[in-house]
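Reading through the structure tokens given below for one structure.
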Amino acid sequence: MRTILHVDANSFYASCECLYRPSIREKPVAVCGDPEARHGIVLTKNQHAKKYGVQTGEAIWQAKQKCPSLVVVPPDYPLYLHMSRQMHEILGQYSDKVESFGLDESWVEISADDMDVRKGQLVADEIRHRIHRTLGITVSVGVADNKVMAKLGSDYKKPDATTHITRENFREKIWPLPVSELLYVGRATTRKLVGMNIHTIGELAQCDPELLRRWLGVNGLMLWRFANGDDHAPVMPRDFVAPIKSIGHGTTCVCDLDSEYAVWR
């Protein structure tokens, strides 16, 4: 039975900071970029900050308006990379197919002839408990027969939870969710879909695929298949390196540029 887990560390950056700073564990915490370098936005927040409505991507001043007691800490990427590697070492003991999706998320394929729903959930729970016991952080795990549904499962209930998405329950669990929750549906695509009066994953699934193809091209058909639980993409092995398609370089200016001459300079 094809069985794929999606393991997602809960509030990863903030969880790492609270783990290594016991004094702030019970306080609302947000990991933010450096305001002096014009990166003053919330990168992640812990559960205490979420209760105040603090959101990822908003400016620090907005977050502090919601939560005056918010503890703001700068990111420590070497620490997060270290924790990520340790987490991947644990996952690698369950399968040689562990595909990273950023520092804090991974797909793990545990397919086997004798695998069933109960065994998949048991493995997911074991991974959750082991990461918590060994590393001191929590993860949520989605269990499904494909990558898209497994990711939706890990997002379905947080923190520290296992959710199994099956062929029998995915319409009940997944279709009511906002269409923006679906993998590869970003802000621009969300706006286009909402403009087509498609607000939920279920509405996307029940839409005419030919209409989606005309509006969104081949990506529209791909998203329609995802919404209907159809995904056959493989989980790549741990040592897989994606080919480089392009190279870019950018920077954030230290002040506002208000003229073409300033931009040119």
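Following the order of the structure tokens, first chain is A, next is B, and so on, with residues numbered from 1 inside each chain and ligands from 1 in the order they appear.
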
Need the shell around Val73 of chain A: protein/DNA/RNA residues with any atom at most 7 Å away, counting only C-alpha atoms. Skip same-chain ones fewer than 5 positions apart. Format as number ranges by chain?
A: 30-32

Just-selected residues, all heavy atoms written as an mmCIF file, in the first residue's frame:
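Saved to selection_14.cif:
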data_model
loop_
_atom_site.group_PDB
_atom_site.id
_atom_site.type_symbol
_atom_site.label_atom_id
_atom_site.label_comp_id
_atom_site.auth_asym_id
_atom_site.auth_seq_id
_atom_site.Cartn_x
_atom_site.Cartn_y
_atom_site.Cartn_z
ATOM 1 N N ALA A 30 7.817 36.022 18.640
ATOM 2 C CA ALA A 30 7.849 36.087 17.178
ATOM 3 C C ALA A 30 9.294 36.212 16.730
ATOM 4 O O ALA A 30 10.061 37.017 17.267
ATOM 5 C CB ALA A 30 7.038 37.273 16.663
ATOM 6 N N VAL A 31 9.665 35.401 15.762
ATOM 7 C CA VAL A 31 10.981 35.519 15.127
ATOM 8 C C VAL A 31 10.804 36.469 13.949
ATOM 9 O O VAL A 31 9.979 36.231 13.068
ATOM 10 C CB VAL A 31 11.511 34.159 14.647
ATOM 11 C CG1 VAL A 31 12.852 34.329 13.943
ATOM 12 C CG2 VAL A 31 11.636 33.202 15.824
ATOM 13 N N CYS A 32 11.566 37.555 13.961
ATOM 14 C CA CYS A 32 11.377 38.615 12.971
ATOM 15 C C CYS A 32 12.702 39.001 12.332
ATOM 16 O O CYS A 32 13.768 38.855 12.933
ATOM 17 C CB CYS A 32 10.763 39.857 13.613
ATOM 18 S SG CYS A 32 9.177 39.580 14.422
#

Do you know which residues are at most 8 Å from segment 122-132 of chain A counting only C-alpha atoms, after dropping those on the same chain fewer than 5 positions away, and could you put them as a list in words?
Leu5, Met87, Ile90, Leu91, Ile137, Thr138, Val139, Ser140, Val141, Gly142, Val143, Asp160, Ala161 and Thr162 of chain A

Could you save the residues just selected, with all heavy atoms, as a tab-separated table (two decimals), in the first residue's frame?
chain	number	residue	atom	x	y	z
A	5	LEU	N	3.98	10.08	4.35
A	5	LEU	CA	3.82	10.99	5.49
A	5	LEU	C	4.33	12.37	5.08
A	5	LEU	O	5.30	12.49	4.34
A	5	LEU	CB	4.61	10.51	6.70
A	5	LEU	CG	4.50	9.03	7.10
A	5	LEU	CD1	5.37	8.76	8.32
A	5	LEU	CD2	3.06	8.66	7.36
A	87	MET	N	16.44	16.47	12.60
A	87	MET	CA	15.13	15.93	12.30
A	87	MET	C	15.19	14.99	11.10
A	87	MET	O	14.57	13.92	11.09
A	87	MET	CB	14.13	17.08	12.04
A	87	MET	CG	12.70	16.61	11.88
A	87	MET	SD	11.50	17.97	11.99
A	87	MET	CE	11.90	18.87	10.49
A	90	ILE	N	16.51	11.55	11.92
A	90	ILE	CA	15.49	10.67	12.49
A	90	ILE	C	14.60	10.11	11.39
A	90	ILE	O	14.33	8.90	11.34
A	90	ILE	CB	14.66	11.45	13.54
A	90	ILE	CG1	15.52	11.79	14.76
A	90	ILE	CG2	13.43	10.63	13.96
A	90	ILE	CD1	14.83	12.67	15.77
A	91	LEU	N	14.14	10.97	10.48
A	91	LEU	CA	13.26	10.51	9.40
A	91	LEU	C	13.95	9.49	8.51
A	91	LEU	O	13.33	8.55	8.01
A	91	LEU	CB	12.79	11.71	8.57
A	91	LEU	CG	11.98	12.78	9.31
A	91	LEU	CD1	11.59	13.91	8.36
A	91	LEU	CD2	10.74	12.17	9.96
A	137	ILE	N	11.04	19.57	20.15
A	137	ILE	CA	10.06	20.34	19.38
A	137	ILE	C	8.96	19.40	18.93
A	137	ILE	O	9.11	18.18	18.95
A	137	ILE	CB	10.70	21.03	18.15
A	137	ILE	CG1	11.27	19.99	17.18
A	137	ILE	CG2	11.78	22.01	18.59
A	137	ILE	CD1	11.79	20.59	15.88
A	138	THR	N	7.83	19.97	18.52
A	138	THR	CA	6.71	19.15	18.08
A	138	THR	C	6.54	19.23	16.57
A	138	THR	O	6.93	20.21	15.94
A	138	THR	CB	5.39	19.57	18.75
A	138	THR	OG1	5.06	20.91	18.35
A	138	THR	CG2	5.51	19.50	20.26
A	139	VAL	N	5.96	18.17	16.01
A	139	VAL	CA	5.64	18.14	14.58
A	139	VAL	C	4.21	17.65	14.42
A	139	VAL	O	3.67	16.94	15.28
A	139	VAL	CB	6.59	17.22	13.79
A	139	VAL	CG1	8.02	17.70	13.88
A	139	VAL	CG2	6.47	15.77	14.25
A	140	SER	N	3.59	18.05	13.31
A	140	SER	CA	2.31	17.48	12.90
A	140	SER	C	2.57	16.63	11.67
A	140	SER	O	3.40	16.98	10.83
A	140	SER	CB	1.30	18.58	12.60
A	140	SER	OG	0.93	19.27	13.78
A	141	VAL	N	1.84	15.52	11.57
A	141	VAL	CA	2.08	14.57	10.49
A	141	VAL	C	0.78	14.27	9.76
A	141	VAL	O	-0.24	13.96	10.39
A	141	VAL	CB	2.69	13.25	11.02
A	141	VAL	CG1	3.01	12.32	9.85
A	141	VAL	CG2	3.93	13.52	11.85
A	142	GLY	N	0.83	14.37	8.43
A	142	GLY	CA	-0.27	13.95	7.59
A	142	GLY	C	0.06	12.61	6.97
A	142	GLY	O	1.20	12.37	6.57
A	143	VAL	N	-0.93	11.72	6.92
A	143	VAL	CA	-0.76	10.39	6.35
A	143	VAL	C	-1.75	10.24	5.20
A	143	VAL	O	-2.95	10.47	5.37
A	143	VAL	CB	-1.02	9.29	7.39
A	143	VAL	CG1	-0.67	7.92	6.83
A	143	VAL	CG2	-0.26	9.56	8.68
A	160	ASP	N	1.25	19.23	17.05
A	160	ASP	CA	1.51	17.89	17.59
A	160	ASP	C	0.34	16.94	17.36
A	160	ASP	O	-0.24	16.42	18.31
A	160	ASP	CB	1.82	18.01	19.09
A	160	ASP	CG	2.50	16.76	19.64
A	160	ASP	OD1	3.01	15.96	18.83
A	160	ASP	OD2	2.51	16.58	20.87
A	161	ALA	N	0.01	16.71	16.09
A	161	ALA	CA	-1.14	15.86	15.77
A	161	ALA	C	-0.84	15.00	14.55
A	161	ALA	O	0.01	15.33	13.73
A	161	ALA	CB	-2.38	16.70	15.52
A	162	THR	N	-1.57	13.89	14.43
A	162	THR	CA	-1.52	13.04	13.25
A	162	THR	C	-2.90	13.04	12.60
A	162	THR	O	-3.90	12.82	13.30
A	162	THR	CB	-1.13	11.59	13.61
A	162	THR	OG1	0.19	11.57	14.14
A	162	THR	CG2	-1.18	10.70	12.38

Name the residues in contact with Thr189 of chain A at a cut-off of 10 Å, using only C-alpha atoms, excluding same-chain residues fewer than 4 positions from it; report them as a ChimeraX atom specification.
/A:179-180,184-185,193-195,216,219-220

Take the selection from the previous step and output its residues with all heavy atoms, as a PDB file, in the first residue's frame.
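Heads up, here's the output in again.pdb:
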ATOM      1  N   VAL A 179      -9.402  27.372  -0.825  1.00  0.00           N
ATOM      2  CA  VAL A 179      -8.617  26.890  -1.963  1.00  0.00           C
ATOM      3  C   VAL A 179      -7.140  27.250  -1.808  1.00  0.00           C
ATOM      4  O   VAL A 179      -6.256  26.562  -2.333  1.00  0.00           O
ATOM      5  CB  VAL A 179      -9.205  27.437  -3.282  1.00  0.00           C
ATOM      6  CG1 VAL A 179      -8.953  28.941  -3.409  1.00  0.00           C
ATOM      7  CG2 VAL A 179      -8.662  26.690  -4.486  1.00  0.00           C
ATOM      8  N   SER A 180      -6.849  28.306  -1.056  1.00  0.00           N
ATOM      9  CA  SER A 180      -5.456  28.729  -0.844  1.00  0.00           C
ATOM     10  C   SER A 180      -4.662  27.700  -0.055  1.00  0.00           C
ATOM     11  O   SER A 180      -3.424  27.758  -0.018  1.00  0.00           O
ATOM     12  CB  SER A 180      -5.421  30.076  -0.117  1.00  0.00           C
ATOM     13  OG  SER A 180      -6.109  29.997   1.121  1.00  0.00           O
ATOM     14  N   TYR A 184       0.674  24.577  -4.027  1.00  0.00           N
ATOM     15  CA  TYR A 184       0.979  25.347  -5.234  1.00  0.00           C
ATOM     16  C   TYR A 184      -0.096  26.380  -5.597  1.00  0.00           C
ATOM     17  O   TYR A 184      -0.042  26.957  -6.685  1.00  0.00           O
ATOM     18  CB  TYR A 184       1.253  24.436  -6.441  1.00  0.00           C
ATOM     19  CG  TYR A 184       2.380  23.468  -6.215  1.00  0.00           C
ATOM     20  CD1 TYR A 184       2.212  22.104  -6.457  1.00  0.00           C
ATOM     21  CD2 TYR A 184       3.614  23.895  -5.727  1.00  0.00           C
ATOM     22  CE1 TYR A 184       3.248  21.201  -6.236  1.00  0.00           C
ATOM     23  CE2 TYR A 184       4.651  23.014  -5.501  1.00  0.00           C
ATOM     24  CZ  TYR A 184       4.461  21.671  -5.752  1.00  0.00           C
ATOM     25  OH  TYR A 184       5.484  20.784  -5.515  1.00  0.00           O
ATOM     26  N   VAL A 185      -1.035  26.608  -4.709  1.00  0.00           N
ATOM     27  CA  VAL A 185      -1.992  27.705  -4.920  1.00  0.00           C
ATOM     28  C   VAL A 185      -1.503  28.898  -4.108  1.00  0.00           C
ATOM     29  O   VAL A 185      -1.715  28.967  -2.900  1.00  0.00           O
ATOM     30  CB  VAL A 185      -3.426  27.307  -4.510  1.00  0.00           C
ATOM     31  CG1 VAL A 185      -4.364  28.505  -4.652  1.00  0.00           C
ATOM     32  CG2 VAL A 185      -3.921  26.154  -5.359  1.00  0.00           C
ATOM     33  N   LEU A 193      -8.735  32.340  -8.894  1.00  0.00           N
ATOM     34  CA  LEU A 193      -9.786  31.375  -8.593  1.00  0.00           C
ATOM     35  C   LEU A 193     -10.982  32.040  -7.922  1.00  0.00           C
ATOM     36  O   LEU A 193     -12.141  31.737  -8.243  1.00  0.00           O
ATOM     37  CB  LEU A 193      -9.231  30.257  -7.714  1.00  0.00           C
ATOM     38  CG  LEU A 193      -8.221  29.316  -8.403  1.00  0.00           C
ATOM     39  CD1 LEU A 193      -7.580  28.385  -7.380  1.00  0.00           C
ATOM     40  CD2 LEU A 193      -8.897  28.504  -9.499  1.00  0.00           C
ATOM     41  N   VAL A 194     -10.704  32.943  -6.999  1.00  0.00           N
ATOM     42  CA  VAL A 194     -11.796  33.672  -6.348  1.00  0.00           C
ATOM     43  C   VAL A 194     -12.559  34.498  -7.387  1.00  0.00           C
ATOM     44  O   VAL A 194     -13.794  34.620  -7.324  1.00  0.00           O
ATOM     45  CB  VAL A 194     -11.254  34.563  -5.215  1.00  0.00           C
ATOM     46  CG1 VAL A 194     -12.332  35.520  -4.709  1.00  0.00           C
ATOM     47  CG2 VAL A 194     -10.734  33.705  -4.064  1.00  0.00           C
ATOM     48  N   GLY A 195     -11.834  35.047  -8.363  1.00  0.00           N
ATOM     49  CA  GLY A 195     -12.488  35.775  -9.446  1.00  0.00           C
ATOM     50  C   GLY A 195     -13.388  34.892 -10.285  1.00  0.00           C
ATOM     51  O   GLY A 195     -14.314  35.375 -10.951  1.00  0.00           O
ATOM     52  N   LEU A 216      -6.293  28.935 -16.552  1.00  0.00           N
ATOM     53  CA  LEU A 216      -4.997  28.786 -15.872  1.00  0.00           C
ATOM     54  C   LEU A 216      -3.997  27.921 -16.629  1.00  0.00           C
ATOM     55  O   LEU A 216      -2.897  27.697 -16.144  1.00  0.00           O
ATOM     56  CB  LEU A 216      -5.212  28.185 -14.472  1.00  0.00           C
ATOM     57  CG  LEU A 216      -6.123  28.962 -13.518  1.00  0.00           C
ATOM     58  CD1 LEU A 216      -6.342  28.177 -12.237  1.00  0.00           C
ATOM     59  CD2 LEU A 216      -5.561  30.340 -13.202  1.00  0.00           C
ATOM     60  N   ASN A 219      -1.615  24.306 -15.537  1.00  0.00           N
ATOM     61  CA  ASN A 219      -1.629  24.347 -14.074  1.00  0.00           C
ATOM     62  C   ASN A 219      -3.040  24.199 -13.532  1.00  0.00           C
ATOM     63  O   ASN A 219      -3.249  23.652 -12.443  1.00  0.00           O
ATOM     64  CB  ASN A 219      -1.013  25.650 -13.565  1.00  0.00           C
ATOM     65  CG  ASN A 219       0.493  25.674 -13.723  1.00  0.00           C
ATOM     66  OD1 ASN A 219       1.129  24.624 -13.783  1.00  0.00           O
ATOM     67  ND2 ASN A 219       1.075  26.857 -13.791  1.00  0.00           N
ATOM     68  N   GLY A 220      -4.014  24.707 -14.276  1.00  0.00           N
ATOM     69  CA  GLY A 220      -5.399  24.562 -13.853  1.00  0.00           C
ATOM     70  C   GLY A 220      -5.823  23.107 -13.781  1.00  0.00           C
ATOM     71  O   GLY A 220      -6.511  22.685 -12.837  1.00  0.00           O
TER      72      GLY A 220
END

Proximity of segment 24-50 of chain A to segment 61-68 of chain A: per-residue shortest pair, 9 Å limit, only C-alpha atoms, as CSV:
residue,atom,partner,partner_atom,distance
A:Pro28,CA,A:Cys67,CA,8.0
A:Ala30,CA,A:Ala63,CA,8.7
A:Gly40,CA,A:Trp61,CA,8.5
A:Ile41,CA,A:Trp61,CA,8.7
A:Val42,CA,A:Ala63,CA,7.8
A:Ala49,CA,A:Cys67,CA,7.4

Find the residues near Glu105 of chain A: any atom within 12 Å, counting only C-alpha atoms, skip ones fewer than 2 places away on the same chain, and give them as a PyMOL selection string.
chain A and resi 5-12+83-85+87-88+91+98-103+107-108+139-142+147+150-151+154-155

Report as number ranges by chain all protein, DNA and RNA residues lying within 12 Å of Leu177 of chain A, evaluated on only C-alpha atoms, omitting residues in the same chain fewer than 5 positions from it.
A: 152-153, 155-156, 170-172, 182, 198-205, 227

Could you pull out all residues of segment 80-253 of chain A with a DSSP call of helix (DSSP H, G or I) and give them as a compact mmCIF listing (two decimals) with N, CA and C atoms, in the first residue's frame?
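Output saved as states22.txt:
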# COMPACT_ATOMS: atom_id res chain seq x y z
N TYR A 80 18.63 26.75 13.20
CA TYR A 80 17.52 26.09 12.51
C TYR A 80 18.04 25.01 11.56
N LEU A 81 19.17 25.27 10.92
CA LEU A 81 19.75 24.28 10.02
C LEU A 81 20.20 23.06 10.81
N HIS A 82 20.80 23.29 11.97
CA HIS A 82 21.24 22.20 12.84
C HIS A 82 20.05 21.34 13.27
N MET A 83 18.97 21.97 13.69
CA MET A 83 17.79 21.23 14.13
C MET A 83 17.15 20.49 12.96
N SER A 84 17.15 21.12 11.79
CA SER A 84 16.58 20.49 10.60
C SER A 84 17.35 19.22 10.25
N ARG A 85 18.67 19.29 10.32
CA ARG A 85 19.49 18.11 10.01
C ARG A 85 19.22 16.98 10.99
N GLN A 86 19.06 17.32 12.26
CA GLN A 86 18.78 16.30 13.25
C GLN A 86 17.42 15.64 12.99
N MET A 87 16.44 16.47 12.60
CA MET A 87 15.13 15.93 12.30
C MET A 87 15.19 14.99 11.10
N HIS A 88 15.97 15.37 10.08
CA HIS A 88 16.09 14.53 8.90
C HIS A 88 16.84 13.23 9.19
N GLU A 89 17.76 13.27 10.15
CA GLU A 89 18.44 12.05 10.55
C GLU A 89 17.45 11.05 11.14
N ILE A 90 16.51 11.55 11.92
CA ILE A 90 15.49 10.67 12.49
C ILE A 90 14.60 10.11 11.39
N LEU A 91 14.14 10.97 10.48
CA LEU A 91 13.26 10.51 9.40
C LEU A 91 13.95 9.49 8.51
N VAL A 117 -3.84 1.30 6.99
CA VAL A 117 -4.16 2.58 7.65
C VAL A 117 -3.63 2.61 9.07
N ARG A 118 -3.88 1.53 9.83
CA ARG A 118 -3.48 1.51 11.23
C ARG A 118 -1.96 1.60 11.38
N LYS A 119 -1.22 0.85 10.56
CA LYS A 119 0.23 0.87 10.64
C LYS A 119 0.80 2.22 10.25
N GLY A 120 0.21 2.85 9.23
CA GLY A 120 0.67 4.18 8.82
C GLY A 120 0.52 5.20 9.94
N GLN A 121 -0.61 5.13 10.65
CA GLN A 121 -0.82 6.04 11.77
C GLN A 121 0.13 5.75 12.92
N LEU A 122 0.41 4.48 13.16
CA LEU A 122 1.33 4.11 14.23
C LEU A 122 2.74 4.65 13.95
N VAL A 123 3.19 4.54 12.69
CA VAL A 123 4.51 5.06 12.33
C VAL A 123 4.53 6.58 12.49
N ALA A 124 3.47 7.25 12.04
CA ALA A 124 3.39 8.71 12.16
C ALA A 124 3.45 9.14 13.62
N ASP A 125 2.70 8.45 14.48
CA ASP A 125 2.70 8.79 15.90
C ASP A 125 4.06 8.53 16.53
N GLU A 126 4.70 7.44 16.12
CA GLU A 126 6.03 7.14 16.65
C GLU A 126 7.03 8.25 16.27
N ILE A 127 6.96 8.72 15.02
CA ILE A 127 7.85 9.80 14.58
C ILE A 127 7.58 11.07 15.38
N ARG A 128 6.32 11.41 15.59
CA ARG A 128 5.98 12.60 16.38
C ARG A 128 6.58 12.52 17.78
N HIS A 129 6.34 11.41 18.43
CA HIS A 129 6.81 11.27 19.81
C HIS A 129 8.33 11.24 19.88
N ARG A 130 8.95 10.61 18.90
CA ARG A 130 10.41 10.50 18.92
C ARG A 130 11.07 11.86 18.70
N ILE A 131 10.55 12.64 17.76
CA ILE A 131 11.12 13.98 17.53
C ILE A 131 10.93 14.85 18.76
N HIS A 132 9.76 14.76 19.38
CA HIS A 132 9.52 15.57 20.58
C HIS A 132 10.45 15.16 21.71
N ARG A 133 10.61 13.86 21.90
CA ARG A 133 11.46 13.35 22.98
C ARG A 133 12.93 13.65 22.72
N THR A 134 13.36 13.53 21.47
CA THR A 134 14.79 13.66 21.14
C THR A 134 15.20 15.11 20.94
N LEU A 135 14.37 15.89 20.23
CA LEU A 135 14.76 17.25 19.86
C LEU A 135 14.07 18.32 20.69
N LYS A 147 1.38 12.78 -2.02
CA LYS A 147 2.07 13.89 -1.37
C LYS A 147 1.14 15.06 -1.07
N VAL A 148 0.25 15.38 -2.01
CA VAL A 148 -0.63 16.54 -1.83
C VAL A 148 -1.55 16.34 -0.62
N MET A 149 -2.18 15.17 -0.55
CA MET A 149 -3.09 14.91 0.56
C MET A 149 -2.35 14.78 1.89
N ALA A 150 -1.13 14.25 1.85
CA ALA A 150 -0.35 14.14 3.08
C ALA A 150 -0.02 15.52 3.64
N LYS A 151 0.31 16.46 2.76
CA LYS A 151 0.60 17.82 3.22
C LYS A 151 -0.64 18.48 3.79
N LEU A 152 -1.77 18.30 3.12
CA LEU A 152 -3.02 18.85 3.65
C LEU A 152 -3.32 18.24 5.02
N GLY A 153 -2.95 16.97 5.20
CA GLY A 153 -3.17 16.32 6.48
C GLY A 153 -2.33 16.93 7.59
N SER A 154 -1.07 17.25 7.31
CA SER A 154 -0.22 17.84 8.35
C SER A 154 -0.67 19.24 8.71
N ASP A 155 -1.30 19.93 7.77
CA ASP A 155 -1.82 21.28 8.04
C ASP A 155 -3.18 21.25 8.73
N TYR A 156 -3.86 20.10 8.69
CA TYR A 156 -5.26 20.02 9.11
C TYR A 156 -5.43 20.27 10.61
N PHE A 170 -11.48 12.21 2.33
CA PHE A 170 -10.84 13.47 1.90
C PHE A 170 -11.87 14.51 1.47
N ARG A 171 -13.02 14.09 0.94
CA ARG A 171 -14.04 15.08 0.56
C ARG A 171 -14.60 15.77 1.79
N GLU A 172 -14.82 14.99 2.84
CA GLU A 172 -15.35 15.55 4.09
C GLU A 172 -14.34 16.48 4.76
N LYS A 173 -13.07 16.08 4.79
CA LYS A 173 -12.06 16.85 5.50
C LYS A 173 -11.47 17.98 4.67
N ILE A 174 -11.21 17.71 3.40
CA ILE A 174 -10.42 18.63 2.59
C ILE A 174 -11.27 19.59 1.77
N VAL A 179 -9.40 27.37 -0.83
CA VAL A 179 -8.62 26.89 -1.96
C VAL A 179 -7.14 27.25 -1.81
N SER A 180 -6.85 28.31 -1.06
CA SER A 180 -5.46 28.73 -0.84
C SER A 180 -4.66 27.70 -0.05
N GLU A 181 -5.34 26.74 0.61
CA GLU A 181 -4.64 25.72 1.39
C GLU A 181 -4.02 24.65 0.49
N ARG A 187 -0.84 33.34 -3.81
CA ARG A 187 -1.74 34.48 -3.75
C ARG A 187 -2.33 34.84 -5.10
N ALA A 188 -1.49 34.85 -6.13
CA ALA A 188 -1.98 35.23 -7.46
C ALA A 188 -3.01 34.24 -7.97
N THR A 189 -2.73 32.94 -7.80
CA THR A 189 -3.68 31.92 -8.25
C THR A 189 -4.96 31.97 -7.42
N THR A 190 -4.83 32.24 -6.13
CA THR A 190 -6.01 32.37 -5.28
C THR A 190 -6.91 33.49 -5.79
N ARG A 191 -6.30 34.63 -6.13
CA ARG A 191 -7.10 35.75 -6.64
C ARG A 191 -7.83 35.37 -7.92
N LYS A 192 -7.14 34.65 -8.81
CA LYS A 192 -7.77 34.23 -10.07
C LYS A 192 -8.93 33.28 -9.80
N LEU A 193 -8.74 32.34 -8.89
CA LEU A 193 -9.79 31.38 -8.59
C LEU A 193 -10.98 32.04 -7.92
N VAL A 194 -10.70 32.94 -7.00
CA VAL A 194 -11.80 33.67 -6.35
C VAL A 194 -12.56 34.50 -7.39
N GLY A 195 -11.83 35.05 -8.36
CA GLY A 195 -12.49 35.78 -9.45
C GLY A 195 -13.39 34.89 -10.28
N ILE A 201 -11.58 24.20 -1.80
CA ILE A 201 -10.98 23.11 -2.57
C ILE A 201 -12.07 22.27 -3.23
N GLY A 202 -13.20 22.10 -2.53
CA GLY A 202 -14.30 21.34 -3.10
C GLY A 202 -14.88 22.00 -4.34
N GLU A 203 -15.00 23.32 -4.32
CA GLU A 203 -15.50 24.03 -5.50
C GLU A 203 -14.54 23.90 -6.67
N LEU A 204 -13.24 23.89 -6.37
CA LEU A 204 -12.24 23.67 -7.41
C LEU A 204 -12.38 22.26 -7.98
N ALA A 205 -12.56 21.28 -7.11
CA ALA A 205 -12.67 19.89 -7.54
C ALA A 205 -13.88 19.66 -8.44
N PRO A 209 -13.04 21.05 -15.65
CA PRO A 209 -11.58 21.11 -15.87
C PRO A 209 -11.20 21.86 -17.14
N GLU A 210 -12.06 21.82 -18.16
CA GLU A 210 -11.76 22.54 -19.39
C GLU A 210 -11.78 24.05 -19.15
N LEU A 211 -12.70 24.50 -18.27
CA LEU A 211 -12.74 25.92 -17.92
C LEU A 211 -11.46 26.32 -17.19
N LEU A 212 -11.00 25.47 -16.30
CA LEU A 212 -9.77 25.75 -15.56
C LEU A 212 -8.57 25.78 -16.51
N ARG A 213 -8.58 24.90 -17.49
CA ARG A 213 -7.48 24.90 -18.46
C ARG A 213 -7.45 26.20 -19.25
N ARG A 214 -8.63 26.71 -19.62
CA ARG A 214 -8.68 27.96 -20.39
C ARG A 214 -8.21 29.14 -19.55
N TRP A 215 -8.52 29.11 -18.26
CA TRP A 215 -8.18 30.23 -17.38
C TRP A 215 -6.75 30.16 -16.86
N LEU A 216 -6.29 28.93 -16.55
CA LEU A 216 -5.00 28.79 -15.87
C LEU A 216 -4.00 27.92 -16.63
N VAL A 218 -2.20 24.57 -18.19
CA VAL A 218 -2.00 23.22 -17.68
C VAL A 218 -1.99 23.19 -16.16
N ASN A 219 -1.62 24.31 -15.54
CA ASN A 219 -1.63 24.35 -14.07
C ASN A 219 -3.04 24.20 -13.53
N GLY A 220 -4.01 24.71 -14.28
CA GLY A 220 -5.40 24.56 -13.85
C GLY A 220 -5.82 23.11 -13.78
N LEU A 221 -5.40 22.33 -14.77
CA LEU A 221 -5.70 20.89 -14.77
C LEU A 221 -4.98 20.18 -13.63
N MET A 222 -3.75 20.58 -13.37
CA MET A 222 -2.99 19.98 -12.27
C MET A 222 -3.69 20.23 -10.94
N LEU A 223 -4.13 21.47 -10.71
CA LEU A 223 -4.79 21.80 -9.45
C LEU A 223 -6.13 21.09 -9.33
N TRP A 224 -6.83 20.92 -10.44
CA TRP A 224 -8.10 20.19 -10.43
C TRP A 224 -7.87 18.74 -10.01
N ARG A 225 -6.79 18.14 -10.52
CA ARG A 225 -6.47 16.76 -10.12
C ARG A 225 -6.11 16.70 -8.63
N PHE A 226 -5.31 17.66 -8.18
CA PHE A 226 -4.95 17.69 -6.76
C PHE A 226 -6.20 17.78 -5.89
N ALA A 227 -7.12 18.67 -6.25
CA ALA A 227 -8.34 18.87 -5.46
C ALA A 227 -9.18 17.60 -5.41

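You can rank A:Met236, A:Gln47, A:Gly229, A:Trp175 by their closest distance to Lys158 of chain A using only C-alpha atoms, and at the top of that list sits A:Gln47.
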
From the DSSP assignment of the backbone, select every residue of segment 106-174 of chain A that is strand (DSSP E or B), and format the answer as a CSV table (one decimal) with N, CA, C and O atoms, in the first residue's frame.
chain,number,residue,atom,x,y,z
A,106,SER,N,9.0,17.8,5.4
A,106,SER,CA,9.5,16.7,4.6
A,106,SER,C,8.4,15.7,4.3
A,106,SER,O,7.6,15.4,5.2
A,107,TRP,N,8.5,15.1,3.1
A,107,TRP,CA,7.7,13.9,2.8
A,107,TRP,C,8.5,12.7,3.1
A,107,TRP,O,9.7,12.6,2.8
A,108,VAL,N,7.9,11.7,3.6
A,108,VAL,CA,8.6,10.4,3.9
A,108,VAL,C,7.7,9.3,3.4
A,108,VAL,O,6.5,9.2,3.8
A,109,GLU,N,8.2,8.5,2.5
A,109,GLU,CA,7.4,7.4,1.9
A,109,GLU,C,7.7,6.1,2.7
A,109,GLU,O,8.9,5.7,2.8
A,139,VAL,N,6.0,18.2,16.0
A,139,VAL,CA,5.6,18.1,14.6
A,139,VAL,C,4.2,17.6,14.4
A,139,VAL,O,3.7,16.9,15.3
A,140,SER,N,3.6,18.0,13.3
A,140,SER,CA,2.3,17.5,12.9
A,140,SER,C,2.6,16.6,11.7
A,140,SER,O,3.4,17.0,10.8
A,141,VAL,N,1.8,15.5,11.6
A,141,VAL,CA,2.1,14.6,10.5
A,141,VAL,C,0.8,14.3,9.8
A,141,VAL,O,-0.2,14.0,10.4
A,142,GLY,N,0.8,14.4,8.4
A,142,GLY,CA,-0.3,14.0,7.6
A,142,GLY,C,0.1,12.6,7.0
A,142,GLY,O,1.2,12.4,6.6
A,143,VAL,N,-0.9,11.7,6.9
A,143,VAL,CA,-0.8,10.4,6.3
A,143,VAL,C,-1.7,10.2,5.2
A,143,VAL,O,-2.9,10.5,5.4
A,144,ALA,N,-1.2,9.9,4.0
A,144,ALA,CA,-2.1,9.7,2.9
A,144,ALA,C,-1.4,8.8,1.8
A,144,ALA,O,-0.3,8.3,2.1
A,162,THR,N,-1.6,13.9,14.4
A,162,THR,CA,-1.5,13.0,13.2
A,162,THR,C,-2.9,13.0,12.6
A,162,THR,O,-3.9,12.8,13.3
A,163,THR,N,-3.0,13.3,11.3
A,163,THR,CA,-4.2,13.3,10.6
A,163,THR,C,-4.1,12.4,9.4
A,163,THR,O,-3.2,12.6,8.5
A,164,HIS,N,-5.0,11.4,9.2
A,164,HIS,CA,-5.0,10.5,8.1
A,164,HIS,C,-6.0,10.9,7.1
A,164,HIS,O,-7.2,11.0,7.4

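When only C-alpha atoms are used to compute distances to Pro234 of chain A, the closest of the residues A:Gln206, A:Asn146, A:Thr166, A:Asn46 turns out to be A:Asn146.
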
Write out as number ranges by chain the residues lying within 9 Å of Met115 of chain A, counting only C-alpha atoms and excluding same-chain residues fewer than 5 positions away.
A: 1-3, 110, 120

Have a look at A:Ile4, A:Leu70, A:Lys157, A:Gln93 and name the one nearest to Val29 of chain A; count only C-alpha atoms.
A:Leu70
